[in-house]
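Asks: run_37.txt is reproduced in full below (compact mmCIF, C-alpha atoms).
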```txt
# COMPACT_ATOMS: atom_id res chain seq x y z
CA MET Y 1 -28.13 -0.40 -25.61
CA MET Y 2 -25.34 -0.21 -23.03
CA GLN Y 3 -22.15 -1.87 -24.18
CA LEU Y 4 -18.38 -1.73 -24.40
CA GLN Y 5 -17.12 0.05 -27.45
CA SER Y 6 -13.52 -0.84 -26.59
CA VAL Y 7 -11.31 -2.29 -23.87
CA ASN Y 8 -8.10 -0.26 -23.72
CA LEU Y 9 -4.61 -1.19 -22.57
CA ALA Y 10 -1.54 0.99 -22.03
CA ARG Y 11 1.45 1.50 -24.24
CA PRO Y 12 3.84 2.75 -21.54
CA HIS Y 13 6.16 5.62 -22.38
CA VAL Y 14 8.46 8.03 -20.59
CA SER Y 15 6.89 11.39 -19.74
CA ASP Y 16 8.13 14.61 -18.15
CA HIS Y 17 4.64 15.09 -16.69
CA THR Y 18 4.56 12.22 -14.21
CA ASP Y 19 5.84 11.80 -10.65
CA ALA Y 20 6.52 8.09 -11.15
CA PRO Y 21 10.08 7.16 -10.10
CA ASP Y 22 10.94 5.78 -13.56
CA ARG Y 23 8.94 8.55 -15.34
CA LEU Y 24 6.79 5.90 -17.03
CA THR Y 25 3.09 6.54 -17.61
CA GLY Y 26 0.34 4.23 -18.83
CA ILE Y 27 -2.05 6.99 -19.92
CA ASP Y 28 -1.54 6.16 -23.61
CA LYS Y 29 -4.13 3.40 -23.99
CA HIS Y 30 -5.33 1.68 -27.16
CA PRO Y 31 -8.14 -0.80 -27.89
CA ALA Y 32 -7.24 -4.43 -27.35
CA ASP Y 33 -7.75 -6.88 -30.20
CA GLY Y 34 -9.08 -9.78 -28.14
CA PRO Y 35 -10.48 -10.67 -24.73
CA VAL Y 36 -8.97 -9.13 -21.60
CA SER Y 37 -9.06 -10.66 -18.10
CA VAL Y 38 -10.08 -8.34 -15.25
CA ALA Y 39 -9.51 -9.01 -11.54
CA ALA Y 40 -8.84 -7.10 -8.31
CA PRO Y 41 -5.16 -6.02 -8.47
CA GLY Y 42 -4.46 -5.61 -4.73
CA PRO Y 43 -4.16 -2.60 -2.44
CA LYS Y 44 -3.11 0.84 -3.66
CA GLY Y 45 0.64 1.28 -3.77
CA VAL Y 46 1.12 -2.39 -4.53
CA GLY Y 47 -1.57 -3.38 -7.01
CA GLY Y 48 -1.77 -1.65 -10.37
CA SER Y 49 -4.47 -2.00 -12.98
CA GLY Y 50 -7.24 -4.55 -12.78
CA LEU Y 51 -6.81 -5.39 -16.46
CA ALA Y 52 -4.27 -8.00 -17.49
CA GLY Y 53 -1.73 -6.45 -19.84
CA ASP Y 54 -2.38 -2.88 -18.68
CA THR Y 55 0.20 -0.66 -16.95
CA ILE Y 56 0.01 1.87 -14.11
CA GLY Y 57 3.04 4.14 -13.94
CA ASP Y 58 2.52 5.96 -10.63
CA LEU Y 59 1.30 3.42 -8.08
CA ARG Y 60 1.19 6.05 -5.33
CA HIS Y 61 -1.71 7.88 -6.95
CA HIS Y 62 -3.29 5.40 -9.36
CA GLY Y 63 -4.45 1.81 -9.45
CA GLY Y 64 -5.21 -0.55 -6.59
CA ASP Y 65 -8.44 -2.27 -5.67
CA ASP Y 66 -10.55 0.90 -5.41
CA GLN Y 67 -9.27 2.29 -8.72
CA ALA Y 68 -8.88 -1.00 -10.56
CA VAL Y 69 -10.77 0.08 -13.69
CA TYR Y 70 -11.45 3.48 -15.25
CA ALA Y 71 -14.48 3.97 -17.51
CA PHE Y 72 -15.38 6.89 -19.76
CA ALA Y 73 -18.39 7.37 -22.02
CA ARG Y 74 -17.94 7.53 -25.79
CA GLU Y 75 -20.63 10.22 -25.81
CA ASP Y 76 -18.47 12.42 -23.58
CA LEU Y 77 -15.43 11.78 -25.76
CA ASP Y 78 -17.47 12.89 -28.77
CA ALA Y 79 -18.48 16.10 -26.98
CA TRP Y 80 -14.85 16.85 -26.16
CA ALA Y 81 -13.78 16.04 -29.72
CA GLN Y 82 -16.24 18.61 -31.03
CA GLU Y 83 -15.11 21.24 -28.52
CA LEU Y 84 -11.39 20.64 -29.06
CA GLY Y 85 -11.63 20.19 -32.82
CA ARG Y 86 -9.67 16.93 -32.89
CA ASP Y 87 -10.34 13.21 -33.14
CA LEU Y 88 -10.40 11.36 -29.81
CA THR Y 89 -10.07 7.60 -30.11
CA GLY Y 90 -11.10 5.13 -27.42
CA GLY Y 91 -8.51 5.07 -24.64
CA VAL Y 92 -7.09 8.55 -25.32
CA PHE Y 93 -8.27 9.82 -21.93
CA GLY Y 94 -6.49 6.90 -20.29
CA GLU Y 95 -9.71 4.97 -19.80
CA ASN Y 96 -9.78 1.18 -19.69
CA LEU Y 97 -13.40 0.94 -20.78
CA THR Y 98 -14.95 3.15 -23.44
CA THR Y 99 -18.71 2.69 -23.09
CA THR Y 100 -21.76 3.56 -25.16
CA GLY Y 101 -25.31 4.12 -23.96
CA LEU Y 102 -24.25 4.51 -20.31
CA ASP Y 103 -24.21 7.73 -18.29
CA VAL Y 104 -20.89 7.02 -16.61
CA SER Y 105 -20.54 10.30 -14.71
CA GLY Y 106 -24.20 10.09 -13.69
CA ALA Y 107 -23.67 6.66 -12.14
CA ARG Y 108 -24.16 6.40 -8.38
CA VAL Y 109 -21.33 5.46 -6.08
CA GLY Y 110 -21.90 1.80 -5.20
CA GLU Y 111 -23.71 1.12 -8.47
CA ARG Y 112 -22.79 -2.25 -9.92
CA TRP Y 113 -22.36 -3.14 -13.57
CA GLN Y 114 -22.16 -6.58 -15.09
CA VAL Y 115 -19.94 -6.49 -18.15
CA GLY Y 116 -20.07 -9.50 -20.43
CA ALA Y 117 -20.88 -12.90 -18.93
CA ASP Y 118 -19.05 -12.75 -15.59
CA LEU Y 119 -17.36 -9.45 -14.70
CA VAL Y 120 -19.07 -7.34 -12.03
CA LEU Y 121 -17.73 -3.87 -11.24
CA GLU Y 122 -18.71 -1.36 -8.55
CA VAL Y 123 -18.46 2.42 -8.94
CA THR Y 124 -16.17 3.96 -6.30
CA SER Y 125 -15.02 7.41 -7.32
CA ALA Y 126 -14.24 9.99 -9.99
CA ARG Y 127 -11.11 10.64 -11.99
CA ILE Y 128 -9.32 13.79 -10.81
CA PRO Y 129 -7.31 15.39 -13.64
CA CYS Y 130 -3.57 15.67 -13.09
CA ARG Y 131 -0.56 17.13 -14.88
CA THR Y 132 0.13 13.78 -16.58
CA PHE Y 133 -3.31 13.98 -18.22
CA ALA Y 134 -2.75 17.63 -19.17
CA GLY Y 135 0.69 16.96 -20.57
CA TRP Y 136 -0.54 13.98 -22.55
CA LEU Y 137 -3.36 15.90 -24.25
CA GLY Y 138 -1.30 19.05 -24.75
CA GLU Y 139 -4.30 21.34 -24.29
CA ARG Y 140 -3.56 24.62 -22.55
CA GLY Y 141 -5.43 24.98 -19.25
CA TRP Y 142 -6.72 21.43 -19.59
CA VAL Y 143 -7.06 20.64 -15.87
CA LYS Y 144 -9.35 23.64 -15.34
CA THR Y 145 -11.25 22.98 -18.57
CA PHE Y 146 -11.86 19.32 -17.73
CA THR Y 147 -12.81 20.13 -14.15
CA ARG Y 148 -15.37 22.73 -15.19
CA ARG Y 149 -17.49 20.18 -17.05
CA ALA Y 150 -17.74 17.80 -14.05
CA ALA Y 151 -18.09 14.73 -16.26
CA PRO Y 152 -14.92 12.91 -15.18
CA GLY Y 153 -15.71 9.26 -15.80
CA ALA Y 154 -15.76 6.62 -13.08
CA TYR Y 155 -13.29 4.50 -11.19
CA LEU Y 156 -14.53 1.02 -10.32
CA ARG Y 157 -13.51 -1.88 -8.10
CA VAL Y 158 -13.81 -5.52 -9.18
CA VAL Y 159 -16.54 -7.44 -7.34
CA GLU Y 160 -16.46 -10.56 -9.52
CA PRO Y 161 -13.57 -11.17 -11.96
CA GLY Y 162 -14.17 -12.00 -15.57
CA GLU Y 163 -13.08 -11.73 -19.17
CA ILE Y 164 -14.36 -8.95 -21.42
CA ARG Y 165 -14.02 -7.73 -24.98
CA ALA Y 166 -15.31 -4.98 -27.25
CA GLY Y 167 -19.03 -5.33 -27.96
CA ASP Y 168 -19.90 -6.94 -24.62
CA PRO Y 169 -23.20 -5.78 -23.12
CA ILE Y 170 -23.27 -3.79 -19.89
CA GLU Y 171 -26.12 -4.20 -17.41
CA ILE Y 172 -26.72 -2.19 -14.25
CA VAL Y 173 -27.41 -4.95 -11.74
CA HIS Y 174 -27.59 -2.78 -8.62
CA ARG Y 175 -28.37 0.91 -8.15
CA PRO Y 176 -28.22 2.35 -4.61
CA ASP Y 177 -31.09 4.50 -3.33
CA HIS Y 178 -28.91 7.52 -2.46
CA ASP Y 179 -28.15 10.42 -4.83
CA VAL Y 180 -24.35 10.48 -4.68
CA THR Y 181 -23.31 10.38 -8.31
CA VAL Y 182 -19.80 10.35 -9.73
CA SER Y 183 -20.32 13.92 -10.89
CA LEU Y 184 -21.42 15.10 -7.45
CA LEU Y 185 -18.46 13.35 -5.83
CA PHE Y 186 -16.12 15.01 -8.33
CA ARG Y 187 -17.51 18.45 -7.60
CA ALA Y 188 -17.18 17.81 -3.86
CA LEU Y 189 -13.51 16.88 -4.26
CA THR Y 190 -12.67 19.77 -6.57
CA THR Y 191 -14.73 22.96 -6.84
CA GLU Y 192 -17.52 22.55 -4.24
CA PRO Y 193 -16.10 21.18 -0.96
CA ASP Y 194 -19.31 22.10 0.86
CA LEU Y 195 -20.77 19.01 -0.84
CA LEU Y 196 -18.32 16.68 0.92
CA PRO Y 197 -20.67 15.65 3.78
CA GLN Y 198 -23.18 14.38 1.21
CA LEU Y 199 -20.71 11.70 0.15
CA LEU Y 200 -21.25 9.85 3.43
CA ALA Y 201 -24.68 8.79 2.17
CA ALA Y 202 -22.88 6.33 -0.12
CA GLY Y 203 -21.48 4.46 2.90
CA ASP Y 204 -18.57 2.09 2.49
CA ALA Y 205 -18.95 2.04 -1.30
CA VAL Y 206 -17.25 5.42 -1.66
CA HIS Y 207 -13.49 5.46 -2.21
CA PRO Y 208 -11.77 5.44 1.23
CA GLU Y 209 -9.81 8.63 0.49
CA ALA Y 210 -12.98 10.50 -0.50
CA ARG Y 211 -14.75 9.18 2.60
CA GLU Y 212 -11.92 10.41 4.82
CA LYS Y 213 -12.16 13.90 3.31
CA ALA Y 214 -15.92 13.90 3.90
CA LEU Y 215 -15.46 12.86 7.52
CA ARG Y 216 -12.90 15.60 8.11
CA ARG Y 217 -15.30 18.15 6.64
CA THR Y 218 -17.93 17.12 9.18
CA GLY Y 219 -15.42 17.24 12.03
CA VAL Y 220 -15.30 13.46 12.44
CA SER Y 221 -12.02 11.61 12.05
```
Show me, as structure tokens, the structure contained in the file I just sent.

Replies:
Amino acid sequence: MMQLQSVNLARPHVSDHTDAPDRLTGIDKHPADGPVSVAAPGPKGVGGSGLAGDTIGDLRHHGGDDQAVYAFAREDLDAWAQELGRDLTGGVFGENLTTTGLDVSGARVGERWQVGADLVLEVTSARIPCRTFAGWLGERGWVKTFTRRAAPGAYLRVVEPGEIRAGDPIEIVHRPDHDVTVSLLFRALTTEPDLLPQLLAAGDAVHPEAREKALRRTGVS
């Protein structure tokens, strides 16, 4: 069964590993006790998180309509916990949604999920690890280690707003007929740039920045 294990909100704190002007980061997320409202936050650089009560520290690189929500699979957290030899609670990777029963990194760009009664989300892109993430976890060589697995979790935009809580079911209500998965997109943007032209098969659903990189790779601008 596909469902939300937790909905996670930030506890902002000052970090030496962020480029945010006030050095605040929202990567430290913890499960919310009750329902959380989710809506499109506005364009990147202005809008932050799509979740009410959440915080985005660096608006230049995070948040906005095309990165309104970040989801990560509990199954992938469990795999990392075993490899790293430490407990990893929901939200520790900075994800808003910790899911179960859903192959998040195997989702196709443009795939739509209904979460709970009303919320509809659309997969746009992959999380690219940064020094804030590495500094938060405190694992040596973490960016390279995380990148090597190519299971980054998914960014999503809000198609229909709604209210969600832990335990809500997740249903895939639309799956595109192309083969551009979150994992493939991640590899194209990181270790395998020759894959970039394949991202164009996802059309307008792909994150605009990823689409622009794909167009440049093909010589189209």

Asks: Name the closest residue to Pro35 (chain Y) among the candidates Y:Ala68, Y:Ala151, Y:Ala107, Y:Leu4; distances are taken between atoms, counting all atoms listed in the file.

Replies: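 Using all atoms listed in the file, Pro35 (chain Y) sits closest to Y:Leu4.
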
Asks: At a cut-off of 12 Å, can you tabulate as CSV every residue of region 105-203 of chain Y near region 75-88 of chain Y together with its closest atom pair and the distance in Å to one decimal, using all atoms listed in the file and ordering rows by chain then number?

Replies:
```
residue,atom,partner,partner_atom,distance
Y:Ser105,CA,Y:Asp76,CA,9.4
Y:Gly106,CA,Y:Asp76,CA,11.7
Y:Leu137,CA,Y:Leu88,CA,10.1
Y:Gly138,CA,Y:Leu84,CA,11.1
Y:Glu139,CA,Y:Leu84,CA,8.6
Y:Arg140,CA,Y:Leu84,CA,10.9
Y:Trp142,CA,Y:Leu84,CA,10.6
Y:Thr145,CA,Y:Trp80,CA,10.4
Y:Phe146,CA,Y:Trp80,CA,9.3
Y:Arg149,CA,Y:Trp80,CA,10.1
Y:Ala150,CA,Y:Asp76,CA,11.0
Y:Ala151,CA,Y:Asp76,CA,7.7
Y:Pro152,CA,Y:Asp76,CA,9.1
Y:Gly153,CA,Y:Asp76,CA,8.8
```

Asks: CA of Leu200 (chain Y) and CA of Asp179 (chain Y), how far apart in Å?

Replies: 10.8 Å

Asks: When you look at Tyr70 (chain Y) with a cut-off of 6 Å (counting all atoms listed in the file), what residues show up, excluding the ones that are within fewer than 2 positions of it in the same chain? I need them as number ranges by chain.

Replies: Y: 95-96, 154-155

Asks: Based on the selection just made, write C-alpha atoms of those residues as a tab-separated table (two decimals), in the coordinates of the input.

Replies:
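Result written to again.tsv:
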```tsv
chain	number	residue	atom	x	y	z
Y	95	GLU	CA	-9.71	4.97	-19.80
Y	96	ASN	CA	-9.78	1.18	-19.69
Y	154	ALA	CA	-15.76	6.62	-13.08
Y	155	TYR	CA	-13.29	4.50	-11.19
```

Asks: Quick one: residues within 10 Å of region 125-129 of chain Y, all atoms listed in the file, excluding same-chain residues fewer than 4 positions away - as number ranges by chain?

Replies: Y: 62, 66-67, 70-72, 95, 104-105, 107-110, 133-134, 142-147, 150-157, 181-187, 189-190, 205-210

Asks: Do a neighbour search on Ser37 (chain Y) at 9 Å with all atoms listed in the file, toss out local chain neighbours closer than 6 positions, and write the hits as JSON, numbers by chain.

Replies: {"Y": [50, 51, 52, 53, 161, 162, 163, 164, 165]}

Asks: Using only C-alpha atoms, pick whichever of Y:Ile27, Y:Ala73, Y:Leu196, Y:Ala202 has the shortest atom-to-atom distance to Val123 (chain Y).

Replies: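 Nearest candidate to Val123 (chain Y) out of Y:Ile27, Y:Ala73, Y:Leu196, Y:Ala202: Y:Ala202.
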
Asks: For a quick check of understanding, using only C-alpha atoms, which of Y:Ile56, Y:Leu215, Y:Ala188, Y:Ala39 has the smallest distance to Val120 (chain Y)?

Replies: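 Ranking Y:Ile56, Y:Leu215, Y:Ala188, Y:Ala39 by distance to Val120 (chain Y), first place goes to Y:Ala39.
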
Asks: Using all atoms listed in the file, find the one residue out of Y:His174, Y:Arg211, Y:His30, Y:Arg112 that sits nearest to Thr89 (chain Y).

Replies: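 The answer is Y:His30, which sits nearest to Thr89 (chain Y).
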
Asks: Any idea what's packed within 7 Å of Leu59 (chain Y), counting all atoms listed in the file, ignoring anything in its chain fewer than 3 positions away? Could you give it as an mmCIF file with C-alpha atoms, in the coordinates of the input?

Replies:
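Saved file result_21.cif follows:
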```cif
data_model
loop_
_atom_site.group_PDB
_atom_site.id
_atom_site.type_symbol
_atom_site.label_atom_id
_atom_site.label_comp_id
_atom_site.auth_asym_id
_atom_site.auth_seq_id
_atom_site.Cartn_x
_atom_site.Cartn_y
_atom_site.Cartn_z
ATOM 1 C CA LYS Y 44 -3.110 0.840 -3.660
ATOM 2 C CA GLY Y 45 0.640 1.280 -3.770
ATOM 3 C CA VAL Y 46 1.120 -2.390 -4.530
ATOM 4 C CA GLY Y 48 -1.770 -1.650 -10.370
ATOM 5 C CA ILE Y 56 0.010 1.870 -14.110
ATOM 6 C CA HIS Y 62 -3.290 5.400 -9.360
ATOM 7 C CA GLY Y 63 -4.450 1.810 -9.450
#
```

Asks: Around all of region 52-67 of chain Y's listed atoms, make the axis-aligned box with 5 Å on each side and tell me centre and edge lengths in Å to one decimal, as JSON.

Replies:
```
{"center_x": -3.8, "center_y": -0.1, "center_z": -12.6, "size_x": 23.6, "size_y": 25.9, "size_z": 24.5}
```

Asks: Identify, on the basis of all atoms listed in the file, every residue whose closest approach to Gln114 (chain Y) does not exceed 9 Å; exclude the query and any residue fewer than 3 positions from it along the same chain; express the result as a ChimeraX atom specification.

Replies: /Y:117-121,160,169-173

Asks: Compare Y:Gly57, Y:Thr124, Y:Pro12, Y:Gln5 by their minimum atom-to-atom distance to Ala32 (chain Y), counting all atoms listed in the file, and give me the closest one.

Replies: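 Checking each candidate against Ala32 (chain Y), we get Y:Gln5 as the closest.
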
Asks: Any idea what the distance is between CA of Asp103 (chain Y) and CA of Met2 (chain Y)?

Replies: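 These atoms are spaced 9.3 Å apart.
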
Asks: How far is it from CA of Arg74 (chain Y) to CA of Thr55 (chain Y), in Å with one decimal?

Replies: 21.8 Å

Asks: Nearest to Ala166 (chain Y) among Y:Gly26, Y:Gly219, Y:Pro41, Y:Pro31, with distances taken over all atoms listed in the file: which residue is it?

Replies: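 Closest to Ala166 (chain Y), using all atoms listed in the file: Y:Pro31.
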